[in-house]
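> Provided herewith: upload-v1.txt, compact mmCIF, C-alpha atoms.
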# COMPACT_ATOMS: atom_id res chain seq x y z
CA MET A 256 10.33 21.18 -122.24
CA PRO A 257 11.42 24.78 -121.48
CA THR A 258 12.69 26.66 -124.53
CA ARG A 259 14.46 29.38 -122.52
CA LEU A 260 17.43 28.76 -120.29
CA ARG A 261 15.96 30.78 -117.41
CA ASP A 262 12.91 28.47 -117.36
CA SER A 263 15.02 25.31 -117.32
CA PRO A 264 14.77 23.16 -114.14
CA ALA A 265 18.25 21.80 -114.79
CA ALA A 266 19.66 25.31 -115.10
CA ARG A 267 18.07 26.31 -111.79
CA VAL A 268 19.51 23.25 -110.06
CA GLY A 269 22.90 23.88 -111.66
CA LEU A 270 22.91 27.51 -110.56
CA SER A 271 22.02 26.65 -106.96
CA ILE A 272 24.76 24.03 -106.86
CA ALA A 273 27.20 26.51 -108.37
CA VAL A 274 26.49 29.09 -105.67
CA ALA A 275 26.78 26.59 -102.80
CA THR A 276 29.97 25.02 -104.15
CA GLY A 277 31.52 28.29 -105.29
CA LEU A 278 31.19 29.80 -101.82
CA TYR A 279 33.20 26.87 -100.49
CA GLY A 280 36.15 28.28 -102.46
CA VAL A 281 36.58 30.88 -99.71
CA SER A 282 37.44 28.06 -97.35
CA PHE A 283 39.95 26.57 -99.77
CA GLY A 284 41.62 29.92 -100.43
CA ALA A 285 42.03 30.70 -96.73
CA LEU A 286 43.25 27.20 -95.85
CA SER A 287 45.66 27.13 -98.78
CA VAL A 288 47.35 30.38 -97.74
CA ALA A 289 47.43 29.16 -94.14
CA SER A 290 49.22 25.99 -95.28
CA GLY A 291 52.04 28.03 -96.80
CA LEU A 292 51.04 28.61 -100.42
CA SER A 293 51.04 32.09 -101.88
CA VAL A 294 47.97 33.83 -103.28
CA TRP A 295 49.01 33.20 -106.88
CA GLN A 296 49.81 29.54 -106.21
CA THR A 297 46.42 29.12 -104.58
CA SER A 298 44.66 30.74 -107.54
CA ALA A 299 46.65 28.62 -110.00
CA LEU A 300 45.52 25.45 -108.24
CA SER A 301 41.88 26.42 -108.65
CA LEU A 302 42.28 27.55 -112.25
CA LEU A 303 44.29 24.59 -113.51
CA LEU A 304 43.44 21.69 -111.23
CA PHE A 305 39.82 22.68 -110.49
CA SER A 306 38.92 19.65 -108.43
CA GLY A 307 37.92 20.45 -104.87
CA GLY A 308 38.82 17.08 -103.37
CA SER A 309 42.19 17.01 -105.11
CA GLN A 310 42.94 20.60 -104.10
CA PHE A 311 42.17 19.97 -100.44
CA ALA A 312 44.24 16.79 -100.55
CA PHE A 313 47.16 18.78 -101.98
CA ILE A 314 47.15 21.48 -99.33
CA GLY A 315 46.45 18.91 -96.61
CA VAL A 316 49.69 17.11 -97.42
CA ILE A 317 51.60 20.40 -97.63
CA ALA A 318 50.19 21.60 -94.31
CA GLY A 319 51.17 18.28 -92.73
CA GLY A 320 54.80 18.74 -93.79
CA GLY A 321 54.69 16.52 -96.87
CA SER A 322 56.67 17.18 -100.02
CA PRO A 323 55.13 18.74 -103.15
CA VAL A 324 55.61 15.40 -104.91
CA ALA A 325 53.60 13.58 -102.23
CA ALA A 326 50.95 16.31 -102.38
CA ALA A 327 50.70 15.99 -106.16
CA GLY A 328 50.40 12.21 -105.83
CA ALA A 329 47.52 12.49 -103.36
CA ALA A 330 45.76 15.02 -105.60
CA ALA A 331 46.23 12.79 -108.66
CA LEU A 332 44.75 9.77 -106.90
CA LEU A 333 41.61 11.70 -106.09
CA GLY A 334 41.47 13.16 -109.59
CA ILE A 335 41.25 9.76 -111.28
CA ARG A 336 37.50 9.75 -110.86
CA ASN A 337 37.19 12.76 -113.16
CA ALA A 338 38.61 10.72 -116.03
CA VAL A 339 35.79 8.22 -115.56
CA TYR A 340 33.29 11.07 -115.38
CA GLY A 341 34.73 12.48 -118.60
CA MET A 342 34.07 9.28 -120.54
CA GLN A 343 30.45 9.24 -119.42
CA MET A 344 29.86 12.92 -120.17
CA ASN A 345 31.54 12.66 -123.58
CA ALA A 346 29.12 9.89 -124.53
CA LEU A 347 26.19 11.82 -123.09
CA ILE A 348 26.57 15.37 -124.42
CA HIS A 349 28.95 14.83 -127.38
CA PRO A 350 30.88 18.13 -127.19
CA ARG A 351 32.57 19.29 -130.38
CA GLY A 352 35.50 21.60 -131.13
CA TRP A 353 36.58 23.91 -128.32
CA ARG A 354 33.70 22.64 -126.20
CA ARG A 355 35.55 19.36 -125.74
CA PHE A 356 38.33 21.17 -123.86
CA ALA A 357 35.86 23.25 -121.87
CA ALA A 358 33.82 20.16 -120.99
CA ALA A 359 36.94 18.32 -119.84
CA GLN A 360 37.83 21.18 -117.49
CA VAL A 361 34.38 21.50 -115.90
CA THR A 362 33.61 17.78 -115.59
CA ILE A 363 33.40 17.36 -111.83
CA ASP A 364 31.16 15.62 -109.30
CA GLU A 365 28.54 18.36 -109.27
CA SER A 366 28.26 18.92 -113.03
CA LEU A 367 27.99 15.17 -113.64
CA ALA A 368 25.35 14.70 -110.95
CA THR A 369 23.32 17.69 -112.14
CA SER A 370 23.37 16.40 -115.71
CA THR A 371 22.59 12.74 -115.10
CA GLY A 372 19.81 13.71 -112.71
CA GLN A 373 17.76 14.95 -115.70
CA ALA A 374 15.63 12.76 -117.97
CA ASP A 375 15.66 14.99 -121.07
CA LEU A 376 18.79 15.21 -123.21
CA LEU A 377 18.62 19.00 -123.62
CA GLU A 378 18.13 19.42 -119.87
CA GLN A 379 21.13 17.18 -119.24
CA LYS A 380 23.27 19.45 -121.39
CA ARG A 381 21.93 22.57 -119.72
CA GLY A 382 22.50 21.14 -116.26
CA PHE A 383 26.05 20.13 -117.09
CA TRP A 384 27.11 23.47 -118.55
CA VAL A 385 25.34 25.70 -116.03
CA ALA A 386 26.68 23.74 -113.06
CA GLY A 387 30.16 23.25 -114.51
CA LEU A 388 30.78 26.78 -115.78
CA GLY A 389 29.00 28.38 -112.82
CA ILE A 390 31.12 26.49 -110.31
CA PHE A 391 34.31 27.21 -112.27
CA VAL A 392 33.70 30.96 -112.22
CA LEU A 393 32.52 31.20 -108.62
CA TRP A 394 35.05 28.72 -107.24
CA ASN A 395 37.94 30.69 -108.70
CA LEU A 396 36.46 34.02 -107.63
CA PHE A 397 35.93 32.96 -104.04
CA THR A 398 39.25 31.13 -103.91
CA LEU A 399 40.90 34.48 -104.61
CA VAL A 400 38.71 36.18 -101.99
CA GLY A 401 39.68 33.58 -99.38
CA ALA A 402 43.35 33.75 -100.28
CA LEU A 403 43.45 37.55 -100.08
CA ALA A 404 41.48 37.62 -96.84
CA GLY A 405 43.76 35.00 -95.32
CA ASP A 406 43.86 34.93 -91.56
CA SER A 407 41.36 37.76 -91.19
CA LEU A 408 38.58 35.24 -91.87
CA GLY A 409 39.56 33.17 -88.86
CA ASP A 410 38.56 29.52 -88.94
CA PRO A 411 36.61 28.97 -92.21
CA LYS A 412 34.48 26.38 -90.43
CA ARG A 413 32.90 29.17 -88.37
CA TRP A 414 31.07 30.28 -91.49
CA GLY A 415 29.73 26.82 -92.25
CA LEU A 416 31.36 26.83 -95.68
CA ASP A 417 33.01 23.47 -95.07
CA GLY A 418 29.57 21.83 -95.19
CA ALA A 419 27.98 23.76 -98.07
CA ALA A 420 29.38 21.67 -100.91
CA VAL A 421 28.76 18.42 -99.04
CA ALA A 422 25.12 19.33 -98.40
CA ALA A 423 24.62 20.35 -102.03
CA PHE A 424 26.04 17.10 -103.37
CA LEU A 425 24.02 15.01 -100.92
CA GLY A 426 20.93 16.81 -102.18
CA LEU A 427 21.74 15.56 -105.67
CA LEU A 428 22.65 12.05 -104.55
CA TRP A 429 19.71 11.32 -102.28
CA PRO A 430 16.97 11.08 -104.96
CA ARG A 431 19.15 8.62 -106.89
CA LEU A 432 19.14 6.01 -104.12
CA ARG A 433 16.14 4.26 -105.63
CA SER A 434 16.60 0.78 -104.25
CA ARG A 435 17.59 -0.94 -101.06
CA GLU A 436 20.74 -2.22 -102.79
CA ALA A 437 21.87 1.30 -103.67
CA GLY A 438 21.12 2.55 -100.16
CA ALA A 439 23.05 -0.37 -98.67
CA VAL A 440 26.08 0.36 -100.87
CA ALA A 441 26.00 4.03 -99.86
CA ALA A 442 25.76 3.10 -96.17
CA VAL A 443 28.65 0.63 -96.37
CA CYS A 444 30.86 3.16 -98.18
CA ALA A 445 30.01 5.87 -95.65
CA LEU A 446 30.86 3.52 -92.79
CA ALA A 447 34.16 2.53 -94.42
CA THR A 448 35.05 6.21 -94.83
CA VAL A 449 34.33 7.02 -91.18
CA LEU A 450 36.32 4.03 -89.94
CA VAL A 451 39.50 4.85 -91.87
CA VAL A 452 39.54 8.62 -91.25
CA PRO A 453 41.67 8.35 -88.06
CA PHE A 454 44.22 6.05 -89.71
CA VAL A 455 44.95 7.42 -93.20
CA PRO A 456 46.13 10.80 -94.56
CA PRO A 457 43.58 13.40 -95.68
CA GLY A 458 42.09 12.64 -99.07
CA LEU A 459 42.45 8.86 -98.87
CA PRO A 460 39.18 7.98 -97.09
CA ILE A 461 37.19 8.81 -100.23
CA LEU A 462 39.45 6.47 -102.21
CA VAL A 463 38.78 3.72 -99.71
CA ALA A 464 35.06 4.29 -100.19
CA ALA A 465 35.52 4.12 -103.96
CA VAL A 466 37.39 0.81 -103.68
CA VAL A 467 34.67 -0.60 -101.42
CA ALA A 468 31.97 0.49 -103.89
CA GLY A 469 33.98 -0.99 -106.76
CA LEU A 470 34.34 -4.33 -104.99
CA ILE A 471 30.64 -4.45 -104.17
CA GLY A 472 29.82 -3.64 -107.78
CA TRP A 473 32.25 -6.27 -109.10
CA PHE A 474 30.81 -9.02 -106.94
CA GLY A 475 27.31 -7.88 -107.81
CA TYR A 476 28.16 -8.00 -111.52
CA ARG A 477 29.42 -11.55 -111.17
CA ARG A 478 26.15 -12.56 -109.51
CA GLY A 479 24.12 -10.93 -112.28
CA PRO A 480 21.72 -7.93 -112.41
CA ALA A 481 20.39 -6.87 -109.02
CA GLY A 482 17.76 -4.35 -110.07
CA GLU A 483 17.76 -0.59 -110.23
CA GLY A 484 20.38 1.29 -108.29
CA LEU A 485 22.63 4.24 -109.07
CA GLU A 486 22.69 3.81 -112.85
CA PRO A 487 22.15 6.91 -115.01
CA ASP A 488 18.57 7.89 -115.79
CA ILE A 489 19.21 7.35 -119.49
CA ASP A 490 21.40 5.19 -121.67
CA PRO A 491 23.94 7.59 -123.22
CA TYR A 492 24.77 5.04 -125.91
CA ALA A 493 21.21 4.52 -127.10
CA ALA A 494 20.00 5.76 -130.46
CA PRO A 495 18.97 9.45 -130.44
CA ASP A 496 15.28 8.64 -131.00
CA ALA A 497 15.14 5.74 -128.59
CA PRO A 498 12.77 6.05 -125.62
CA GLY A 499 14.33 7.65 -122.55
CA THR A 500 17.15 9.41 -124.38
CA GLY A 501 15.43 12.77 -124.54
CA GLY A 502 15.49 12.78 -128.36
CA ALA A 503 12.59 13.77 -130.57
CA SER A 504 9.70 11.33 -130.40
Taking this structure as input, can you express it in the form of structure tokens?


Amino acid sequence: MPTRLRDSPAARVGLSIAVATGLYGVSFGALSVASGLSVWQTSALSLLLFSGGSQFAFIGVIAGGGSPVAAAGAAALLGIRNAVYGMQMNALIHPRGWRRFAAAQVTIDESLATSTGQADLLEQKRGFWVAGLGIFVLWNLFTLVGALAGDSLGDPKRWGLDGAAVAAFLGLLWPRLRSREAGAVAAVCALATVLVVPFVPPGLPILVAAVVAGLIGWFGYRRGPAGEGLEPDIDPYAAPDAPGTGGAS
């Protein structure tokens, strides 16, 4: 196990994810200003909300002529998943003191995936903090850049930034599809998302996919264990010295 942070595989993964996702903040900043928000409102969204999907859902509703209340509702629906992530990360890394507040703020898709993709407990902590804090800093920095640049950037999609975060997260997800059942669930959810995109407001397709995955999981639970799938690499509730928890052996 690496003793220095710069030699940590989890830290390297977290840093690469932070760069890819942080750059995507340029796209959000430009689109947010284009939808009618000011530079300071755009920056406040990234600082306080800090949830890419929720932020894009918010400005999508605003750009479509929706009310701020409707925009906040759409953002909140997408943000529910972070509460679930928070419970898992709290059990996994056990933050104390001020770190509990910091961990709550930086618990997002990418920091969770980077952490749970590691087998060693120390590496899980390193991956979580490097990815979470790195994305927070870079996302807010590039949000401000995009907001200040505004229309001078043109269409943000020209730069390919709209696909950077998606590609990074898929890179984390792909190795975790370890069984045919997990691959089938992912395929069904992807199909459901594509099918509903033309018929529902921005931000809701991912919720549809979550509901589909939840229903599949519920029916699978009622049938009994179905083998290895997308479960975490370790049991966060196991004893510290139990095999697979990354504790001292």

> Looking at all atoms listed in the file, which of A:Val361, A:Ala338, A:Val324, A:Ile348 is the one that sits closest to Asp375 of chain A?

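Using all atoms listed in the file, the shortest distance to Asp375 of chain A belongs to A:Ile348.
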
> Please report the interatomic distance between atom CA of Ile363 of chain A and atom CA of Gly321 of chain A in Å with one decimal.

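Going from atom CA of Ile363 of chain A over to atom CA of Gly321 of chain A covers 26.0 Å.
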
> Distance atom CA of Thr362 of chain A-atom CA of Tyr340 of chain A, one decimal place?

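Those two atoms sit 6.7 Å apart.
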
> Would you mind listing what lies within 10 Å of segment 260-266 of chain A as a VMD selection string, with only C-alpha atoms counted and same-chain residues fewer than 6 positions away left out?

chain A and resid 272 369 to 370 372 to 375 377 to 386

> Extract, using all atoms listed in the file, all DNA, RNA and protein residues at most 8 Å from segment 288-291 of chain A, discarding same-chain residues fewer than 4 positions from it, and format them as a ChimeraX atom specification.

/A:284,297,314-315,317-318,402,405-406

> Might I get the box with edges along x, y and z of the file that holds all atoms of segment 350-367 of chain A listed there, padded by 5 Å on every side, given as centre and edge lengths in Å to one decimal, as AutoDock Vina command-line options?


--center_x 33.2 --center_y 19.5 --center_z -120.2 --size_x 20.3 --size_y 18.7 --size_z 31.9

> Could you jot down the atom CA of Cys444 of chain A to atom CA of Ala464 of chain A separation for me, Å, one decimal place?

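So the two atoms, atom CA of Cys444 of chain A and atom CA of Ala464 of chain A, lie 4.8 Å apart.
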
> Find the residue from A:Leu332, A:Gly307, A:Val400, A:Leu388 that sits nearest to Val463 of chain A; use all atoms listed in the file when measuring.

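Among the listed residues, A:Leu332 lies closest to Val463 of chain A.
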
> Mind checking which residues fall within 12 Å of Phe305 of chain A, counting all atoms listed in the file, ignoring those fewer than 2 positions away in the same chain, and posting them as a PyMOL selection string?

chain A and resi 276-277+280+283+297-303+307-311+313+330-331+333-334+337+359-364+387-388+390-395+398

> Just checking: using all atoms listed in the file, which residue out of A:Ala441, A:Ala358, A:Ala329, A:Met342 ends up closest to Gly469 of chain A?

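Comparing A:Ala441, A:Ala358, A:Ala329, A:Met342 against Gly469 of chain A, the winner is A:Ala441.
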